[in-house]
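Trainee: Before we start, here is the structure in question, set down as structure tokens.
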Amino acid sequence: MIGLELTRPWLLLTLVVALPLLLYYFYHSLSDFPRPQRIVSLIVRCCLVALVVLALAGLTLLHSTKEKFTIFAVDQSTSVGDNAAKAAEEFLKTAAANIGDNKIVFMPFAAGTGLVQDSPIEFGEHPSILRQAAKPMDAPANAAEKGPPATTPPDQHEPNSTLRDGTNLAAAIETAAGYLPTGYVPQIVLVTDGVETAGDALAAATRGGVPISTFPLPARTDPEVQVSKVSVPAEVRQGEPFFVAVTIDSNHDDEGLVEIYRGDHKVIGEKRKLNVGENTFRFQQSIDRERLAAYSVRVSQLAHDTLLDNNMDSGLVFASGKPRVLIVESDPNLIRDLAYSLEESGIQTDVRPPQGMPDTLADLQNYELVAISNVPATALSQRQMEVLRTYVQDLGGGLIMLGGEQSFGLGGYYKSTLEEILPVRSDFEKEKEKPSIGMVIVIDKSGSMDGDKIEMAKTAARSAIELLGRRDQAAVIAFDGDTYLICEMQSANNKSKLSDEIGRIDAGGGTVMYPAMEMANDILMATNAKLKHVIILTDGISSPGDFEGLAQQMASNKITLSTVGVGSDADGALLETIAHVGKGRYYFTEDPAQIPQIFARETVTASKSAIDEQPFLPQVVRATHALADIDMQSAPFLLGYVMTRPKPTCEVILATEKGDPLLAWWRYGLGMTAAFTSDAKSRWAAEWLTWPGFGKFWTQIVRQTMRKSDARGIAVDVARHGSDTKLSVDAVDEAGEFLNDSEIELTTIDPQMKQEKSKLKQTAPGQYLASLATAKPGAYHLELTLKRNDKVLYRQSRGLTVGYSDELRIRPTNEKLLREIASASGGAYSPNPAELYKDDGRTARRPTPLVTPLLSLATLLLVFDVALRRIDFSLHWPFRR
């Protein structure tokens with residue numbers, strides 16, 4: 001059957017304009033050629049214009065063809081074992097041998113699709129999907145012939161092993177359908193085990209409009225054992241017994257060691273026999289103190305096993321009961337009085353040194369509040385600070401910072417992550433009676449300081465100068481092989497000028513520190529200040545010099561000297577000796593990001609202005625229910641505090657007699673933070689420890705600041721399906737009535753600490769649903785907030801852990817799905833490869849563009865038309881004029 005079609009038929013409208021114009025010029029032409037010749041010329045011109053317009057309109061000749069174009073989509077995911085690979089290779093080889101006049105291409109796929117290729121798919125150690133993953137997947141040169149570009153997994157830059165950890169049949173079908181060219185009878189052959197881990201293959205096959213034949217690959221026959229599921233209740237009460245149900249699947253009889261860990265501690269380890277199929281074991285557990293307990297199950301010591309990544313899985317349990325608080329204190333023994341007072345009031349309290357500060361949300365979620373007492377910023381990593389901020393801001397946790405000689409500004413918290421979330425600032429207005437200080441900052445600018453080190457050093461120098469008062473003075477020296485006076489001694493009030501000059505420091509050269517120390521000494525000897533101090537920062541080993549002698553000379557001149565070593569190459573022994581002889585302090589850090597906190601801490605410490613150790617009585621500034629039934633008039637003297645400044649939107653509850661904040665708090669994100677600038681131990685609160693109101697004061701302050709979790713009337717269910725998780729909330733009020741038209745906000749923190757906020761949709765009376773993408777392995781933390789009329793009614797925390805990929809689970813070939821795909825699309829299930837190209841009655845209309853012949857004929861007519869307009873044919877033929 002032959003037909004014609006126009007690809008751009010609207011261009012035929014140009015004939016409506018062109019033909020009348022030709023007629024107009026015909027009748028108004030001044031040519032004296034014979035009329036018959038002019039009529040022939042008009043006809044030729046009309047034909048010429050018609051041919052050009054038809055060519056532009058895309059006149060195409062259509063003829064029927066039964067030639068097939070087949071794309072073989074071949075599964076190369078991890079679930080395809082060696083036996084399946086051999087079956088696929090044999091099938092593809094037979095299919096390629098019987099191709100005849102038809103055309104075929106191949107496309108590997110797993111979690112995403114690879115490049116379409118003419119050569120057969122390769123398996124083995126370097127399968128096609130992995131070799132192609134390293135190449136950019138550009139669109140084909142001719143989209144009409146080659147189709148759209150291949151799709152890739154969500155994280156194309158992940159290690160190659162993860163590219164096979166998934167099977168997205170829907171993506172393979174959609175990509176293959178988009179690739180098929182016109183002019184052929186299309187066909188897709190899906191070579192797979194049918195175990196999909198993402199997408200909806202049946203829906204993709206139904207809407208694709210292309211017959212899909214499915215060839216089932218056999219499941220793995222390698223000996224395999226996997227921890228299929230760890231079932232734990234979502235929430236229990238503290239002390240309540242519950243069961244950890246462990247499901248282990250095996251495709252052979254075996255015996256292994258089943259171990260259960262709660263957090264990092266092993267609670268069960270037993271040898272168990274494993275039979276072919278599903279093996280379920282139950283182990284009784286209870287939670288006494290944790291708020292969030294992560295149970296991990298591992299099976300090991302197996303006789304035969306192929307994949308090790310699927311030998312462990314985990315589950316999370318939330319425990320309701322007494323609130324729990326973590327106190328982090330530099331000397332845990334000194335804070336015991338506060339811990340005992342909270343325990344007596346029904347608040348479980350853990351005390352840790354700074355080394356025990358949590359660095360994961362899973363650990364922090366065990367507590368309603370974290371109290372930091374006399375811990376310097378230099379004792380905390382940037383990650384610990386970031387995790388604590390996320391805990392407060394996104395998960396509603398509470399934070400209290402208590403004063404001490406290593407807290408607030410004295411602890412180097414100026415411009416730190418934690419200062420951002422606290423209600424007070426670590427800088428302050430220096431009192432007039434405080435002594436002025438002259439400070440020289442000496443910075444190593446050798447080549448090894450290039451990059452983050454020199455940038456952090458410049459930031460630290462700027463921050464240190466910002467902390468100095470108006471009557472203070474500062475100078476900056478830099479050294480490499482030579483010594484450079486960056487900023488001469490001047491008023492610290494010239495902060496902009498000093499900052500600009502510091503910004504011009506560049507790294508490069510050797511390390512000669514002694515002349516820089518001498519210059520610092522000379523500058524301070526000529527400076528009129530009551531306190532004189534030098535900070536030296538270096539990351540290397542200096543050329544020799546009499547460092548100890550110079551430090552002794554500076555100390556005798558009442559010039560103190562502190563040193564900072566950065567990185568393992570720093571001469572720690574020399575720097576420590578210099579600081580000891582110079583009556584200063586020595587700091588060491590591997591992390592350049594800690595340099596600003598070190599400088600801030602050292603600046604405030606050296607200036608001796610951040611602490612006020614004169615006894616005072618707390619003054620109530622703002623009445624609050626948190627101080628209800630506490631007689632603050634009877635509160636004894638506090639013996640000192642750290643000077644800070646309140647932030648504009650915070651609430652100052654208690655103040656010192658000089659008006660400085662003593663107790664202040666504010667809401668930060670979903671949580672709350674508070675600052676108590678005195679302490680809760682024997683240095684400044686010695687008289688408070690014997691005050692009858694001590695325990696009640698701290699209990700009520702802690703309860704005011706801690707996370708509130710109310711589960712009454714709220715039922716939360718978290719269920720994971722493939723790479724998605726369904727979250728459902730059933731909500732009723734105290735009277736048992738459904739809570740409708742409420743606003744439920746969900747905050748999700750993924751394993752990479754990325755935050756996402758969403759709202760649940762109401763789907764039934766009192767029921768709200770949400771769907772989350774949980775493809776990445778690790779712990780997900782969820783915070784639910786239920787509001788009505790902008791008032792928070794309930795708040796709950798939940799979590800889930802995502803273990804190994806579903807691709808690693810033992811599952812048989814999904815023949816049911818493959819049959820449904822073939823049936824829904826009009827294909828065949830498990831076809832004979834030699835019969836794939838048999839005539840099935842379908843035909844395709846293959847287009848042949850007629851642009852070239854039309855324009856060729858138009859060119860001939862153009863030559864003839866030129867001749868008709870240049871030659872008088874009446875001289876050769878008897879045309880009548």
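Ordering of the structure tokens sets the chain letters (A, B, ...), residue numbers begin anew at 1 in every chain, and ligands are numbered from 1 in the order given.
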As number ranges by chain, please: every residue in region 435-581 of chain A that DSSP puts in strand (DSSP E or B).
Mentor: A: 437-444, 473-479, 483-491, 531-538, 559-566
Trainee: Using only C-alpha atoms, which residues sit within 9 Å of region 488-499 of chain A once same-chain residues fewer than 3 positions away are excluded, as a list in words?
Mentor: Gly438, Met439, Val440, Lys458, Thr459, Ala461, Arg462, Ile465, Glu466, Leu467, Leu468, Gly469, Arg470, Arg471, Asp472, Gln473, Ala474, Ala475, Val476, Ile477, Leu485, Ile502, Gly503, Ile523, Leu524 and Thr527 of chain A
Trainee: Create the file for the chosen residues now, containing N, CA and C atoms and written as a tab-separated table (two decimals), in the first residue's frame.
Mentor:
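The result, stored in out_11.tsv:
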chain	number	residue	atom	x	y	z
A	438	GLY	N	47.60	44.88	74.44
A	438	GLY	CA	48.27	45.01	73.15
A	438	GLY	C	48.58	43.61	72.65
A	439	MET	N	48.07	43.26	71.47
A	439	MET	CA	48.21	41.89	70.96
A	439	MET	C	48.90	41.88	69.61
A	440	VAL	N	49.82	40.95	69.44
A	440	VAL	CA	50.47	40.73	68.15
A	440	VAL	C	50.14	39.32	67.69
A	458	LYS	N	43.52	33.63	58.40
A	458	LYS	CA	43.10	35.02	58.19
A	458	LYS	C	41.74	35.28	58.84
A	459	THR	N	40.83	34.32	58.71
A	459	THR	CA	39.53	34.46	59.37
A	459	THR	C	39.69	34.54	60.87
A	461	ALA	N	42.35	35.58	62.55
A	461	ALA	CA	42.94	36.87	62.93
A	461	ALA	C	41.89	37.98	62.95
A	462	ARG	N	41.02	37.98	61.94
A	462	ARG	CA	39.96	38.99	61.91
A	462	ARG	C	39.03	38.84	63.12
A	465	ILE	N	40.58	40.13	66.34
A	465	ILE	CA	40.59	41.60	66.43
A	465	ILE	C	39.18	42.12	66.74
A	466	GLU	N	38.15	41.45	66.19
A	466	GLU	CA	36.77	41.88	66.48
A	466	GLU	C	36.44	41.75	67.95
A	467	LEU	N	37.08	40.82	68.65
A	467	LEU	CA	36.80	40.61	70.06
A	467	LEU	C	37.52	41.60	70.97
A	468	LEU	N	38.47	42.36	70.42
A	468	LEU	CA	39.19	43.34	71.23
A	468	LEU	C	38.34	44.59	71.43
A	469	GLY	N	38.62	45.28	72.54
A	469	GLY	CA	37.86	46.49	72.86
A	469	GLY	C	38.41	47.73	72.19
A	470	ARG	N	37.75	48.87	72.44
A	470	ARG	CA	38.15	50.12	71.79
A	470	ARG	C	39.51	50.60	72.27
A	471	ARG	N	39.86	50.30	73.53
A	471	ARG	CA	41.15	50.77	74.06
A	471	ARG	C	42.28	49.79	73.80
A	472	ASP	N	41.98	48.65	73.18
A	472	ASP	CA	43.01	47.66	72.89
A	472	ASP	C	43.74	48.00	71.60
A	473	GLN	N	44.89	47.36	71.42
A	473	GLN	CA	45.70	47.58	70.22
A	473	GLN	C	46.09	46.23	69.62
A	474	ALA	N	46.35	46.24	68.32
A	474	ALA	CA	46.70	44.98	67.65
A	474	ALA	C	47.67	45.23	66.51
A	475	ALA	N	48.50	44.22	66.26
A	475	ALA	CA	49.41	44.21	65.11
A	475	ALA	C	49.44	42.79	64.56
A	476	VAL	N	49.78	42.67	63.27
A	476	VAL	CA	49.83	41.36	62.62
A	476	VAL	C	51.15	41.23	61.89
A	477	ILE	N	51.82	40.10	62.14
A	477	ILE	CA	53.09	39.79	61.47
A	477	ILE	C	52.91	38.47	60.74
A	485	LEU	N	55.75	42.79	58.24
A	485	LEU	CA	54.83	43.49	59.13
A	485	LEU	C	53.57	43.81	58.33
A	502	ILE	N	44.93	42.19	56.52
A	502	ILE	CA	45.07	40.75	56.76
A	502	ILE	C	44.71	39.97	55.50
A	503	GLY	N	43.71	40.45	54.77
A	503	GLY	CA	43.27	39.76	53.56
A	503	GLY	C	44.32	39.66	52.48
A	523	ILE	N	57.85	45.17	68.98
A	523	ILE	CA	56.64	45.98	68.84
A	523	ILE	C	55.96	46.16	70.19
A	524	LEU	N	55.85	45.08	70.97
A	524	LEU	CA	55.16	45.17	72.26
A	524	LEU	C	55.97	45.94	73.29
A	527	THR	N	54.94	49.39	73.00
A	527	THR	CA	53.49	49.60	73.10
A	527	THR	C	53.09	49.91	74.54
Trainee: With a distance cut-off of 10 Å and only C-alpha atoms, select the neighbouring residues of Ser805 (chain A), excluding the residue or stretch itself and same-chain residues fewer than 4 positions from it, and output the selection as a VMD selection string.
Mentor: chain A and resid 78 162 164 to 166 197 309 to 310 722 to 723 775 to 777 809
Trainee: Counting only C-alpha atoms, which residue out of A:Val210, A:Pro618, A:Val276, A:Gly199 sits closest to Ala177 (chain A)?
Mentor: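 Checking each candidate against Ala177 (chain A), we get A:Val210 as the closest.
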Trainee: Can you work out the spacing between CA of Pro849 (chain A) and CA of Leu59 (chain A) in Å, to one decimal?
Mentor: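 Atom-to-atom, CA of Pro849 (chain A) to CA of Leu59 (chain A), that is 6.4 Å.
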Trainee: Can you pull out every residue within 10 Å of Glu240 (chain A), counting only C-alpha atoms, but drop anything in the same chain fewer than 3 positions away, and send it as a VMD selection string?
Mentor: chain A and resid 236 to 237 285 to 288 319 to 320
Trainee: Those residues you just picked out, can you put them in a file as a JSON list (two decimals), in the first residue's frame with C-alpha atoms?
Mentor:
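Saved to again.json:
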[["chain", "number", "residue", "atom", "x", "y", "z"],
["A", 236, "VAL", "CA", 7.47, 0.82, 73.56],
["A", 237, "ARG", "CA", 7.50, 2.02, 77.13],
["A", 285, "GLN", "CA", 14.49, -7.26, 74.80],
["A", 286, "SER", "CA", 13.64, -4.21, 76.91],
["A", 287, "ILE", "CA", 14.87, -0.62, 76.96],
["A", 288, "ASP", "CA", 15.70, 0.99, 80.28],
["A", 319, "ALA", "CA", 10.89, 4.24, 74.00],
["A", 320, "SER", "CA", 8.48, 6.44, 75.89]]
Trainee: Tell me which protein, DNA and RNA residues are within 7 Å of region 326-333 of chain A, counting only C-alpha atoms, leaving out same-chain ones fewer than 3 positions away, and put them as number ranges by chain.
Mentor: A: 336, 349-354, 357, 367, 369-375
